[in-house]
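Undergrad: Dropping in final32.cif, with mmCIF, C-alpha atoms.
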```cif
data_work
#
loop_
_atom_site.group_PDB
_atom_site.id
_atom_site.type_symbol
_atom_site.label_atom_id
_atom_site.label_comp_id
_atom_site.auth_asym_id
_atom_site.auth_seq_id
_atom_site.Cartn_x
_atom_site.Cartn_y
_atom_site.Cartn_z
ATOM 1 C CA MET A 858 95.021 94.384 98.002
ATOM 2 C CA THR A 859 96.511 97.899 98.247
ATOM 3 C CA CYS A 860 99.661 98.677 96.291
ATOM 4 C CA ALA A 861 101.805 101.736 95.566
ATOM 5 C CA ALA A 862 102.589 102.703 91.970
ATOM 6 C CA ASP A 863 103.641 101.221 89.694
ATOM 7 C CA PHE A 864 100.482 99.110 90.061
ATOM 8 C CA ALA A 865 99.032 95.956 88.568
ATOM 9 C CA PRO A 866 96.674 93.391 90.126
ATOM 10 C CA PRO A 867 98.473 90.221 91.256
ATOM 11 C CA GLY A 868 99.251 87.927 88.335
ATOM 12 C CA MET A 869 97.999 90.407 85.741
ATOM 13 C CA TRP A 870 99.432 92.601 83.023
ATOM 14 C CA THR A 871 97.582 95.845 82.343
ATOM 15 C CA ASN A 872 97.431 98.440 79.575
ATOM 16 C CA ASP A 873 95.292 101.255 78.143
ATOM 17 C CA ASN A 874 94.132 102.967 81.345
ATOM 18 C CA TRP A 875 91.107 105.235 81.672
ATOM 19 C CA PHE A 876 89.820 107.073 84.729
ATOM 20 C CA ALA A 877 86.897 108.583 86.592
ATOM 21 C CA GLN A 878 86.763 110.676 89.763
ATOM 22 C CA ASP A 879 83.905 110.484 92.278
ATOM 23 C CA GLY A 880 84.420 112.872 95.175
ATOM 24 C CA ASP A 881 87.902 112.298 96.571
ATOM 25 C CA THR A 882 88.200 108.805 95.081
ATOM 26 C CA TYR A 883 89.864 108.044 91.770
ATOM 27 C CA HIS A 884 88.765 105.012 89.784
ATOM 28 C CA ALA A 885 91.207 103.476 87.315
ATOM 29 C CA PHE A 886 89.950 101.122 84.631
ATOM 30 C CA TYR A 887 92.266 99.220 82.318
ATOM 31 C CA LEU A 888 92.613 96.144 80.180
ATOM 32 C CA GLN A 889 94.028 93.224 82.144
ATOM 33 C CA VAL A 890 95.178 89.755 81.107
ATOM 34 C CA PRO A 891 96.733 86.950 83.190
ATOM 35 C CA ALA A 892 100.513 86.861 83.004
ATOM 36 C CA CYS A 893 100.293 83.072 82.681
ATOM 37 C CA ILE A 894 99.899 83.510 78.905
ATOM 38 C CA GLY A 895 103.688 83.760 79.101
ATOM 39 C CA ASP A 896 104.416 86.326 76.409
ATOM 40 C CA ARG A 897 103.305 89.894 76.964
ATOM 41 C CA ASN A 898 103.508 90.461 73.197
ATOM 42 C CA ASN A 899 101.116 87.620 72.376
ATOM 43 C CA TRP A 900 98.457 90.031 71.172
ATOM 44 C CA PRO A 901 96.106 87.378 69.674
ATOM 45 C CA HIS A 902 95.780 85.726 73.088
ATOM 46 C CA ARG A 903 95.553 89.059 74.865
ATOM 47 C CA ALA A 904 92.771 90.176 72.540
ATOM 48 C CA LEU A 905 90.673 87.124 73.472
ATOM 49 C CA LEU A 906 91.375 87.292 77.214
ATOM 50 C CA ASN A 907 91.123 91.032 77.868
ATOM 51 C CA GLN A 908 89.006 92.020 80.867
ATOM 52 C CA VAL A 909 88.206 95.508 82.134
ATOM 53 C CA GLY A 910 89.952 95.711 85.495
ATOM 54 C CA HIS A 911 89.255 98.278 88.205
ATOM 55 C CA ALA A 912 91.204 99.856 91.060
ATOM 56 C CA THR A 913 90.605 102.814 93.401
ATOM 57 C CA SER A 914 92.878 105.407 94.976
ATOM 58 C CA LYS A 915 92.799 108.640 96.962
ATOM 59 C CA ASP A 916 96.139 109.933 95.680
ATOM 60 C CA LEU A 917 96.846 108.281 92.278
ATOM 61 C CA VAL A 918 99.777 106.499 93.937
ATOM 62 C CA HIS A 919 98.331 103.854 96.269
ATOM 63 C CA TRP A 920 95.777 101.633 94.518
ATOM 64 C CA THR A 921 93.319 99.028 95.769
ATOM 65 C CA ASP A 922 92.393 96.278 93.326
ATOM 66 C CA GLN A 923 88.607 96.028 92.905
ATOM 67 C CA GLY A 924 88.610 93.092 90.481
ATOM 68 C CA PRO A 925 87.242 92.932 86.930
ATOM 69 C CA VAL A 926 84.042 94.794 86.084
ATOM 70 C CA ILE A 927 83.445 93.684 82.461
ATOM 71 C CA VAL A 928 84.674 90.436 80.936
ATOM 72 C CA PRO A 929 84.193 88.656 77.592
ATOM 73 C CA ILE A 930 81.219 86.293 77.619
ATOM 74 C CA PRO A 931 81.486 83.299 75.243
ATOM 75 C CA GLY A 932 78.536 82.808 72.923
ATOM 76 C CA THR A 933 77.237 86.377 73.304
ATOM 77 C CA TRP A 934 77.641 89.676 71.481
ATOM 78 C CA ILE A 935 80.637 90.513 73.666
ATOM 79 C CA GLN A 936 83.124 87.690 73.032
ATOM 80 C CA ALA A 937 86.244 89.884 73.022
ATOM 81 C CA LEU A 938 86.636 93.427 74.306
ATOM 82 C CA ALA A 939 89.164 96.251 74.435
ATOM 83 C CA THR A 940 89.716 99.836 75.516
ATOM 84 C CA GLY A 941 86.997 102.238 76.636
ATOM 85 C CA SER A 942 86.245 105.289 78.770
ATOM 86 C CA VAL A 943 83.823 106.497 81.462
ATOM 87 C CA ALA A 944 81.660 109.607 81.930
ATOM 88 C CA ARG A 945 78.855 110.686 84.256
ATOM 89 C CA PHE A 946 75.568 111.516 82.549
ATOM 90 C CA GLU A 947 72.090 112.154 84.022
ATOM 91 C CA GLY A 948 73.038 110.901 87.485
ATOM 92 C CA LYS A 949 74.699 107.627 86.430
ATOM 93 C CA TRP A 950 78.109 106.452 85.264
ATOM 94 C CA TRP A 951 78.436 105.172 81.711
ATOM 95 C CA MET A 952 81.239 103.190 80.122
ATOM 96 C CA VAL A 953 81.811 102.830 76.402
ATOM 97 C CA PHE A 954 84.206 100.110 75.308
ATOM 98 C CA THR A 955 85.459 98.277 72.232
ATOM 99 C CA VAL A 956 83.803 95.001 71.189
ATOM 100 C CA ASN A 957 86.081 93.052 68.850
ATOM 101 C CA GLN A 958 84.271 89.714 68.503
ATOM 102 C CA GLY A 959 80.624 88.721 68.718
ATOM 103 C CA LYS A 960 78.930 91.855 67.413
ATOM 104 C CA PRO A 961 81.851 94.235 66.819
ATOM 105 C CA GLY A 962 81.444 97.905 67.598
ATOM 106 C CA VAL A 963 81.126 100.133 70.656
ATOM 107 C CA GLY A 964 79.476 98.580 73.712
ATOM 108 C CA LEU A 965 77.805 100.411 76.588
ATOM 109 C CA ALA A 966 77.543 99.638 80.298
ATOM 110 C CA VAL A 967 75.985 101.598 83.163
ATOM 111 C CA SER A 968 76.694 101.846 86.886
ATOM 112 C CA GLU A 969 75.283 103.633 89.910
ATOM 113 C CA ASP A 970 78.555 103.581 91.860
ATOM 114 C CA LEU A 971 81.452 102.762 89.470
ATOM 115 C CA MET A 972 81.818 99.398 91.216
ATOM 116 C CA THR A 973 79.087 97.220 89.701
ATOM 117 C CA TRP A 974 78.321 97.519 85.989
ATOM 118 C CA LYS A 975 75.425 96.333 83.828
ATOM 119 C CA LEU A 976 75.618 95.882 80.067
ATOM 120 C CA VAL A 977 73.101 97.979 78.130
ATOM 121 C CA GLY A 978 71.163 96.185 75.403
ATOM 122 C CA ASP A 979 72.008 93.031 73.485
ATOM 123 C CA GLY A 980 74.539 94.488 71.066
ATOM 124 C CA PRO A 981 76.756 97.489 70.392
ATOM 125 C CA ILE A 982 75.302 100.985 70.467
ATOM 126 C CA ILE A 983 77.453 101.735 67.411
ATOM 127 C CA PRO A 984 78.152 98.765 65.114
ATOM 128 C CA THR A 985 81.336 98.531 63.096
ATOM 129 C CA ALA A 986 80.503 99.909 59.638
ATOM 130 C CA VAL A 987 81.542 102.644 57.225
ATOM 131 C CA TYR A 988 80.403 106.118 58.325
ATOM 132 C CA SER A 989 80.366 109.499 56.587
ATOM 133 C CA GLY A 990 81.897 112.509 58.307
ATOM 134 C CA THR A 991 83.646 115.712 57.322
ATOM 135 C CA TRP A 992 87.316 116.655 57.297
ATOM 136 C CA GLN A 993 88.315 120.266 56.624
ATOM 137 C CA GLY A 994 84.893 120.908 55.143
ATOM 138 C CA ALA A 995 84.907 117.953 52.739
ATOM 139 C CA PRO A 996 83.114 114.573 53.055
ATOM 140 C CA LEU A 997 85.216 111.678 54.341
ATOM 141 C CA LYS A 998 84.239 108.034 54.794
ATOM 142 C CA TRP A 999 85.771 106.141 57.716
ATOM 143 C CA TRP A 1000 85.253 103.061 59.835
ATOM 144 C CA PRO A 1001 85.945 102.688 63.584
ATOM 145 C CA CYS A 1002 88.766 100.469 64.827
ATOM 146 C CA ALA A 1003 88.672 100.758 68.624
ATOM 147 C CA ASP A 1004 89.242 102.945 71.684
ATOM 148 C CA PRO A 1005 86.116 105.113 72.112
ATOM 149 C CA TYR A 1006 86.849 108.149 74.291
ATOM 150 C CA LEU A 1007 83.749 109.758 75.804
ATOM 151 C CA TYR A 1008 84.308 113.423 76.675
ATOM 152 C CA PRO A 1009 83.156 113.703 80.310
ATOM 153 C CA GLU A 1010 80.629 116.516 79.890
ATOM 154 C CA PRO A 1011 78.346 117.836 77.144
ATOM 155 C CA ILE A 1012 79.718 120.108 74.438
ATOM 156 C CA ASP A 1013 77.026 122.429 73.053
ATOM 157 C CA GLY A 1014 74.392 120.054 74.453
ATOM 158 C CA TRP A 1015 75.914 116.919 72.919
ATOM 159 C CA MET A 1016 77.914 114.105 74.438
ATOM 160 C CA VAL A 1017 80.925 113.647 72.153
ATOM 161 C CA MET A 1018 82.893 110.446 71.544
ATOM 162 C CA VAL A 1019 86.288 110.342 69.816
ATOM 163 C CA VAL A 1020 87.337 107.076 68.181
ATOM 164 C CA ASN A 1021 90.430 105.516 66.613
ATOM 165 C CA ALA A 1022 89.326 105.084 62.975
ATOM 166 C CA LYS A 1023 90.577 104.352 59.462
ATOM 167 C CA VAL A 1024 89.732 106.261 56.277
ATOM 168 C CA GLU A 1025 87.973 104.104 53.721
ATOM 169 C CA GLY A 1026 90.109 103.453 50.654
ATOM 170 C CA ALA A 1027 93.266 105.168 51.953
ATOM 171 C CA PRO A 1028 96.663 103.391 52.017
ATOM 172 C CA ALA A 1029 96.884 101.216 55.130
ATOM 173 C CA ASP A 1030 100.097 102.822 56.392
ATOM 174 C CA SER A 1031 98.558 106.292 56.443
ATOM 175 C CA SER A 1032 94.794 105.804 56.803
ATOM 176 C CA GLY A 1033 94.519 106.483 60.541
ATOM 177 C CA CYS A 1034 92.242 109.281 61.715
ATOM 178 C CA LEU A 1035 90.365 110.427 64.806
ATOM 179 C CA ALA A 1036 86.648 110.576 64.082
ATOM 180 C CA THR A 1037 83.733 111.563 66.314
ATOM 181 C CA TRP A 1038 80.141 110.683 67.104
ATOM 182 C CA ARG A 1039 77.677 112.742 69.104
ATOM 183 C CA SER A 1040 74.568 111.856 71.102
ATOM 184 C CA ARG A 1041 71.876 113.406 73.278
ATOM 185 C CA ASP A 1042 71.202 110.219 75.282
ATOM 186 C CA LEU A 1043 74.318 107.969 74.907
ATOM 187 C CA LYS A 1044 72.232 105.357 73.080
ATOM 188 C CA THR A 1045 71.560 106.965 69.705
ATOM 189 C CA TRP A 1046 74.586 108.364 67.907
ATOM 190 C CA GLU A 1047 75.343 110.283 64.726
ATOM 191 C CA PRO A 1048 78.723 110.942 63.062
ATOM 192 C CA GLY A 1049 80.434 114.241 63.766
ATOM 193 C CA PRO A 1050 83.545 115.899 62.368
ATOM 194 C CA VAL A 1051 86.862 114.140 61.878
ATOM 195 C CA LEU A 1052 89.238 115.821 64.350
ATOM 196 C CA LEU A 1053 92.513 114.726 62.819
ATOM 197 C CA TYR A 1054 93.670 112.964 59.642
ATOM 198 C CA PRO A 1055 97.468 113.339 59.345
ATOM 199 C CA GLN A 1056 97.655 111.043 56.282
ATOM 200 C CA SER A 1057 100.892 109.601 57.672
ATOM 201 C CA ILE A 1058 99.904 107.199 60.479
ATOM 202 C CA ASP A 1059 98.526 103.656 60.407
ATOM 203 C CA ARG A 1060 96.381 104.043 63.552
ATOM 204 C CA LEU A 1061 95.761 106.836 66.069
ATOM 205 C CA GLU A 1062 95.244 104.747 69.204
ATOM 206 C CA THR A 1063 93.385 105.404 72.443
ATOM 207 C CA PRO A 1064 92.687 109.145 72.084
ATOM 208 C CA GLN A 1065 91.898 111.620 74.830
ATOM 209 C CA LEU A 1066 90.403 115.104 74.502
ATOM 210 C CA TRP A 1067 90.615 117.726 77.271
ATOM 211 C CA GLN A 1068 90.546 121.474 77.811
ATOM 212 C CA HIS A 1069 92.987 123.620 79.768
ATOM 213 C CA GLY A 1070 92.141 127.302 79.888
ATOM 214 C CA SER A 1071 91.178 128.413 76.399
ATOM 215 C CA ARG A 1072 93.078 125.599 74.687
ATOM 216 C CA TRP A 1073 91.963 122.120 73.670
ATOM 217 C CA TYR A 1074 94.366 119.184 73.733
ATOM 218 C CA LEU A 1075 94.141 115.969 71.750
ATOM 219 C CA TYR A 1076 96.350 113.032 72.721
ATOM 220 C CA PHE A 1077 96.781 109.781 70.791
ATOM 221 C CA GLY A 1078 99.291 106.993 70.358
ATOM 222 C CA ALA A 1079 100.713 106.877 66.839
ATOM 223 C CA ALA A 1080 100.875 103.186 65.865
ATOM 224 C CA HIS A 1081 102.785 102.021 62.786
ATOM 225 C CA ASP A 1082 101.999 98.341 62.268
ATOM 226 C CA GLN A 1083 102.442 97.960 58.523
ATOM 227 C CA LYS A 1084 105.641 96.476 57.119
ATOM 228 C CA GLU A 1085 106.904 99.948 56.264
ATOM 229 C CA ILE A 1086 106.268 103.209 58.115
ATOM 230 C CA SER A 1087 104.633 105.681 55.743
ATOM 231 C CA ALA A 1088 106.883 107.811 53.586
ATOM 232 C CA ARG A 1089 105.135 110.984 54.750
ATOM 233 C CA TRP A 1090 105.792 110.219 58.429
ATOM 234 C CA GLN A 1091 109.447 109.517 57.706
ATOM 235 C CA ALA A 1092 109.726 112.744 55.705
ATOM 236 C CA GLU A 1093 107.949 115.020 58.188
ATOM 237 C CA ALA A 1094 108.534 113.555 61.671
ATOM 238 C CA PRO A 1095 111.461 114.768 63.788
ATOM 239 C CA GLU A 1096 114.571 112.616 63.453
ATOM 240 C CA GLU A 1097 114.140 111.202 66.953
ATOM 241 C CA ILE A 1098 110.862 109.472 66.119
ATOM 242 C CA LYS A 1099 111.058 108.749 62.374
ATOM 243 C CA THR A 1100 111.429 104.983 62.850
ATOM 244 C CA ARG A 1101 109.534 104.440 66.110
ATOM 245 C CA ARG A 1102 106.588 102.082 65.877
ATOM 246 C CA ARG A 1103 104.819 103.698 68.858
ATOM 247 C CA VAL A 1104 104.824 107.429 69.633
ATOM 248 C CA ASN A 1105 102.839 109.412 72.225
ATOM 249 C CA CYS A 1106 101.499 112.462 70.348
ATOM 250 C CA LEU A 1107 99.972 115.697 71.680
ATOM 251 C CA TYR A 1108 98.107 118.160 69.468
ATOM 252 C CA MET A 1109 96.404 121.450 70.335
ATOM 253 C CA ALA A 1110 93.620 123.696 68.990
ATOM 254 C CA ASP A 1111 91.516 126.710 69.966
ATOM 255 C CA ARG A 1112 88.254 124.783 69.521
ATOM 256 C CA TRP A 1113 87.282 121.253 70.472
ATOM 257 C CA ASP A 1114 86.694 120.368 66.816
ATOM 258 C CA GLY A 1115 90.035 121.714 65.567
ATOM 259 C CA ASP A 1116 92.074 122.710 63.636
ATOM 260 C CA TYR A 1117 94.546 120.513 65.605
ATOM 261 C CA GLN A 1118 98.274 121.033 65.187
ATOM 262 C CA PRO A 1119 101.239 119.565 67.095
ATOM 263 C CA SER A 1120 101.585 121.303 70.448
ATOM 264 C CA PRO A 1121 104.519 123.742 70.775
ATOM 265 C CA GLY A 1122 107.887 122.316 71.696
ATOM 266 C CA THR A 1123 108.309 118.569 72.007
ATOM 267 C CA TRP A 1124 104.884 117.263 70.993
ATOM 268 C CA TRP A 1125 105.928 113.621 71.288
ATOM 269 C CA LEU A 1126 105.680 112.840 75.026
ATOM 270 C CA ASP A 1127 107.912 109.770 75.080
ATOM 271 C CA LYS A 1128 110.506 110.918 77.607
ATOM 272 C CA LEU A 1129 109.108 110.704 81.116
ATOM 273 C CA PRO A 1130 110.884 112.232 84.119
ATOM 274 C CA GLY A 1131 113.581 109.968 85.499
ATOM 275 C CA GLY A 1132 114.152 108.274 82.171
ATOM 276 C CA ALA A 1133 111.025 106.097 82.335
ATOM 277 C CA TRP A 1134 109.054 105.095 79.234
ATOM 278 C CA GLY A 1135 105.322 104.609 78.885
ATOM 279 C CA TYR A 1136 102.711 104.339 76.177
ATOM 280 C CA ILE A 1137 99.073 105.429 76.093
ATOM 281 C CA HIS A 1138 98.905 108.419 78.415
ATOM 282 C CA LYS A 1139 95.910 109.861 80.218
ATOM 283 C CA VAL A 1140 95.654 113.332 81.784
ATOM 284 C CA LEU A 1141 93.295 114.103 84.679
ATOM 285 C CA PRO A 1142 92.953 116.605 87.540
ATOM 286 C CA GLY A 1143 95.260 115.455 90.329
ATOM 287 C CA PRO A 1144 94.672 115.640 94.091
ATOM 288 C CA GLU A 1145 97.254 118.421 94.528
ATOM 289 C CA GLY A 1146 95.518 120.949 92.285
ATOM 290 C CA HIS A 1147 97.397 120.379 89.034
ATOM 291 C CA ASP A 1148 96.789 118.037 86.129
ATOM 292 C CA ALA A 1149 98.487 114.648 86.365
ATOM 293 C CA LEU A 1150 99.545 112.224 83.639
ATOM 294 C CA LEU A 1151 99.501 108.453 84.118
ATOM 295 C CA THR A 1152 100.569 105.872 81.570
ATOM 296 C CA THR A 1153 101.225 102.183 81.026
ATOM 297 C CA THR A 1154 104.824 101.339 81.925
ATOM 298 C CA GLY A 1155 107.132 99.192 79.838
ATOM 299 C CA ASP A 1156 106.426 96.222 82.115
ATOM 300 C CA LEU A 1157 102.641 96.622 81.679
ATOM 301 C CA ARG A 1158 101.706 98.319 84.929
ATOM 302 C CA LEU A 1159 99.936 101.566 85.843
ATOM 303 C CA SER A 1160 102.566 104.265 86.350
ATOM 304 C CA ARG A 1161 102.920 106.798 89.108
ATOM 305 C CA PRO A 1162 101.418 110.240 88.370
ATOM 306 C CA TYR A 1163 103.530 112.903 86.643
ATOM 307 C CA GLU A 1164 102.723 116.595 87.038
ATOM 308 C CA VAL A 1165 101.616 118.277 83.805
ATOM 309 C CA VAL A 1166 103.082 121.768 83.322
ATOM 310 C CA TYR A 1167 101.476 124.038 80.710
ATOM 311 C CA GLY A 1168 103.686 126.711 79.138
ATOM 312 C CA GLU A 1169 102.507 130.157 78.121
ATOM 313 C CA ASP A 1170 102.487 129.015 74.490
ATOM 314 C CA GLY A 1171 100.443 125.903 75.342
ATOM 315 C CA GLY A 1172 103.341 123.473 75.216
ATOM 316 C CA VAL A 1173 103.366 120.686 77.792
ATOM 317 C CA THR A 1174 106.185 119.336 79.925
ATOM 318 C CA LEU A 1175 106.156 116.753 82.712
ATOM 319 C CA LYS A 1176 107.799 116.626 86.115
#
```
The structure given in the file should be rewritten as structure tokens.
TA:
Amino acid sequence: MTCAADFAPPGMWTNDNWFAQDGDTYHAFYLQVPACIGDRNNWPHRALLNQVGHATSKDLVHWTDQGPVIVPIPGTWIQALATGSVARFEGKWWMVFTVNQGKPGVGLAVSEDLMTWKLVGDGPIIPTAVYSGTWQGAPLKWWPCADPYLYPEPIDGWMVMVVNAKVEGAPADSSGCLATWRSRDLKTWEPGPVLLYPQSIDRLETPQLWQHGSRWYLYFGAAHDQKEISARWQAEAPEEIKTRRRVNCLYMADRWDGDYQPSPGTWWLDKLPGGAWGYIHKVLPGPEGHDALLTTTGDLRLSRPYEVVYGEDGGVTLK
């Protein structure tokens, strides 16, 4: 089936997109669940039924459904899965993804062509546990929640993964951070620096790291799932977003490892052109020579692409 944006496979709801480009073909991956569950907000059922879906496109507008590529397998180490990312490394394509039940942690799959994937090993490459990193030069203990983002090329000889994590022992409403691991071979990993710890957000969901010119950008979805939004967020956030439970956030730095600060101008990218709303954005090089942003729409579909415009001060707008 080929479909123009907004896109979802027939009978499916989608969310949390990630992408790869091979030649002139774009590959979209996403979580998909059957709409027959009846309630798009039934997250317990969605968590158990999530599959990694796959579609291809030449223009980021017209998509062809390629079916699921990774699914939960009852009775194995991968009984429930969630968001991931893809990168090319040593001539093959590699996907890291969240494993929520079975043996929780970060799973790994490999592909020759982005179409057919094989699980690597009999468990996660990074198990869920408490890890020790550094934040602003001081030790910090954290544990991974979900959403591994694999930067698509080596940085200083290392493959770098950014993950939605929680600081050990911090208040739940403000313990969210973005931590990193690094690896030489994608199979053995060691903790790296913590990129961001605002001390005001419950979870920093589904991050993405990219470079434009001399600047580094760090996107995440700010998720507030505790009964009360943290006092620090409500004190420091702009009035427009003080009480929002989900906010698209964009930060910027001169180095990949920080110090990240909110990007100039409107750093919460919640207003899409035309009045549309989406959550969990991804930015990638578009077919027309500029960066494009795609997101999950309010009705759980893959959006059309929006052009990303970078200002002289590094601020980002969409059109």
Undergrad: If the PyMOL selection byres ((chain A and resi 1086) around 10) is run on the structure shown, which residues does it catch, given as a short mmCIF file (atom, residue, chain, number, x, y, z; two decimals) with C-alpha atoms, in the frame of the given file?
TA:
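So the final result, stored in out-v8.cif, reads:
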```
data_model
loop_
_atom_site.label_atom_id
_atom_site.label_comp_id
_atom_site.auth_asym_id
_atom_site.auth_seq_id
_atom_site.Cartn_x
_atom_site.Cartn_y
_atom_site.Cartn_z
CA ASP A 1030 100.10 102.82 56.39
CA SER A 1031 98.56 106.29 56.44
CA SER A 1057 100.89 109.60 57.67
CA ILE A 1058 99.90 107.20 60.48
CA ASP A 1059 98.53 103.66 60.41
CA ALA A 1080 100.88 103.19 65.86
CA HIS A 1081 102.78 102.02 62.79
CA ASP A 1082 102.00 98.34 62.27
CA GLN A 1083 102.44 97.96 58.52
CA LYS A 1084 105.64 96.48 57.12
CA GLU A 1085 106.90 99.95 56.26
CA SER A 1087 104.63 105.68 55.74
CA ALA A 1088 106.88 107.81 53.59
CA ARG A 1089 105.14 110.98 54.75
CA TRP A 1090 105.79 110.22 58.43
CA GLN A 1091 109.45 109.52 57.71
CA LYS A 1099 111.06 108.75 62.37
CA THR A 1100 111.43 104.98 62.85
CA ARG A 1101 109.53 104.44 66.11
CA ARG A 1102 106.59 102.08 65.88
#
```
Undergrad: Convert the output of the PyMOL selection byres ((chain A and resi 954-966) around 6) on the shown file into explicit residues, formatted as a PyMOL selection string.
TA: chain A and resi 934-941+951-953+967+975-977+981-985+1003
Undergrad: Can you give me, as an MDAnalysis selection string, the residues this file yields under the PyMOL selection byres ((chain A and resi 1114) around 12)?
TA: chainID A and resid 991:994 1012:1013 1017:1019 1035:1038 1049:1053 1066:1068 1072:1075 1108:1113 1115:1118
Undergrad: One decimal, in Å: what's the spacing between CA of Asp1042 in chain A and CA of Trp1015 in chain A?
TA: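 Calculated distance between CA of Asp1042 in chain A and CA of Trp1015 in chain A is 8.5 Å.
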Undergrad: Please compute the CA of Val928 in chain A-CA of Thr1045 in chain A distance, one decimal, in Å.
TA: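 Separation between CA of Val928 in chain A and CA of Thr1045 in chain A: 23.9 Å.
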Undergrad: Report, in Å with one decimal, the straight-line distance from CA of Lys1023 in chain A to CA of Thr1063 in chain A.
TA: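 Interatomic distance, CA of Lys1023 in chain A to CA of Thr1063 in chain A: 13.3 Å.
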Undergrad: How would you write as a ChimeraX atom specification the residues that get within 10 Å of (108.0, 105.0, 76.9) in the file's frame, counting all atoms listed in the file?
TA: /A:1103-1105,1126-1129,1132-1138,1152-1155
Undergrad: I'd like to know which of A:Gly1078, A:Gly1014, A:Gly1026, A:Gly980 is closest to Asp873 in chain A, using only C-alpha atoms.
TA: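 Of A:Gly1078, A:Gly1014, A:Gly1026, A:Gly980, the one nearest Asp873 in chain A is A:Gly1078, counting only C-alpha atoms.
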Undergrad: Determine, using all atoms listed in the file, which residues of range 921-1040 of chain A have any atom at most 6 Å from an atom of range 897-916 of chain A, and tabulate each with its shortest atom pair and distance in Å to one decimal place, rows ordered by chain and then rising number, as CSV.
TA:
```
residue,atom,partner,partner_atom,distance
A:Thr921,CA,A:Thr913,CA,5.2
A:Asp922,CA,A:Ala912,CA,4.4
A:Gln923,CA,A:Ala912,CA,5.0
A:Gly924,CA,A:His911,CA,5.7
A:Pro925,CA,A:Gly910,CA,4.1
A:Val926,CA,A:Val909,CA,5.8
A:Ile927,CA,A:Val909,CA,5.1
A:Val928,CA,A:Gln908,CA,4.6
A:Ala937,CA,A:Leu905,CA,5.2
```
Undergrad: Please return as a ChimeraX atom specification every residue within 9 Å of (84.0, 113.7, 81.4), taking into account only C-alpha atoms and the file's own coordinates.
TA: /A:877,943-946,1007-1011,1067
Undergrad: Which residue is closest to Glu1025 in chain A? Choose from A:Gly948, A:Pro867, A:Pro996, A:Gly1131 and count all atoms listed in the file.
TA: A:Pro996
Undergrad: Counting all atoms listed in the file, figure out which residue out of A:Pro1142, A:Gly1172, A:Pro931, A:Pro1130 gets nearest to Asp879 in chain A.
TA: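 Checking each of A:Pro1142, A:Gly1172, A:Pro931, A:Pro1130 against Asp879 in chain A, counting all atoms listed in the file, the winner is A:Pro1142.
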Undergrad: May I have the residues within 9 Å of Trp870 in chain A as a CSV table (one decimal) with C-alpha atoms, keeping the file's coordinate frame, using all atoms listed in the file and disregarding those fewer than 5 positions away in the same chain?
TA:
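Listing of around-v1.csv after writing:
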```
chain,number,residue,atom,x,y,z
A,865,ALA,CA,99.0,96.0,88.6
A,888,LEU,CA,92.6,96.1,80.2
A,889,GLN,CA,94.0,93.2,82.1
A,890,VAL,CA,95.2,89.8,81.1
A,891,PRO,CA,96.7,87.0,83.2
A,892,ALA,CA,100.5,86.9,83.0
A,897,ARG,CA,103.3,89.9,77.0
A,1156,ASP,CA,106.4,96.2,82.1
A,1157,LEU,CA,102.6,96.6,81.7
A,1158,ARG,CA,101.7,98.3,84.9
```
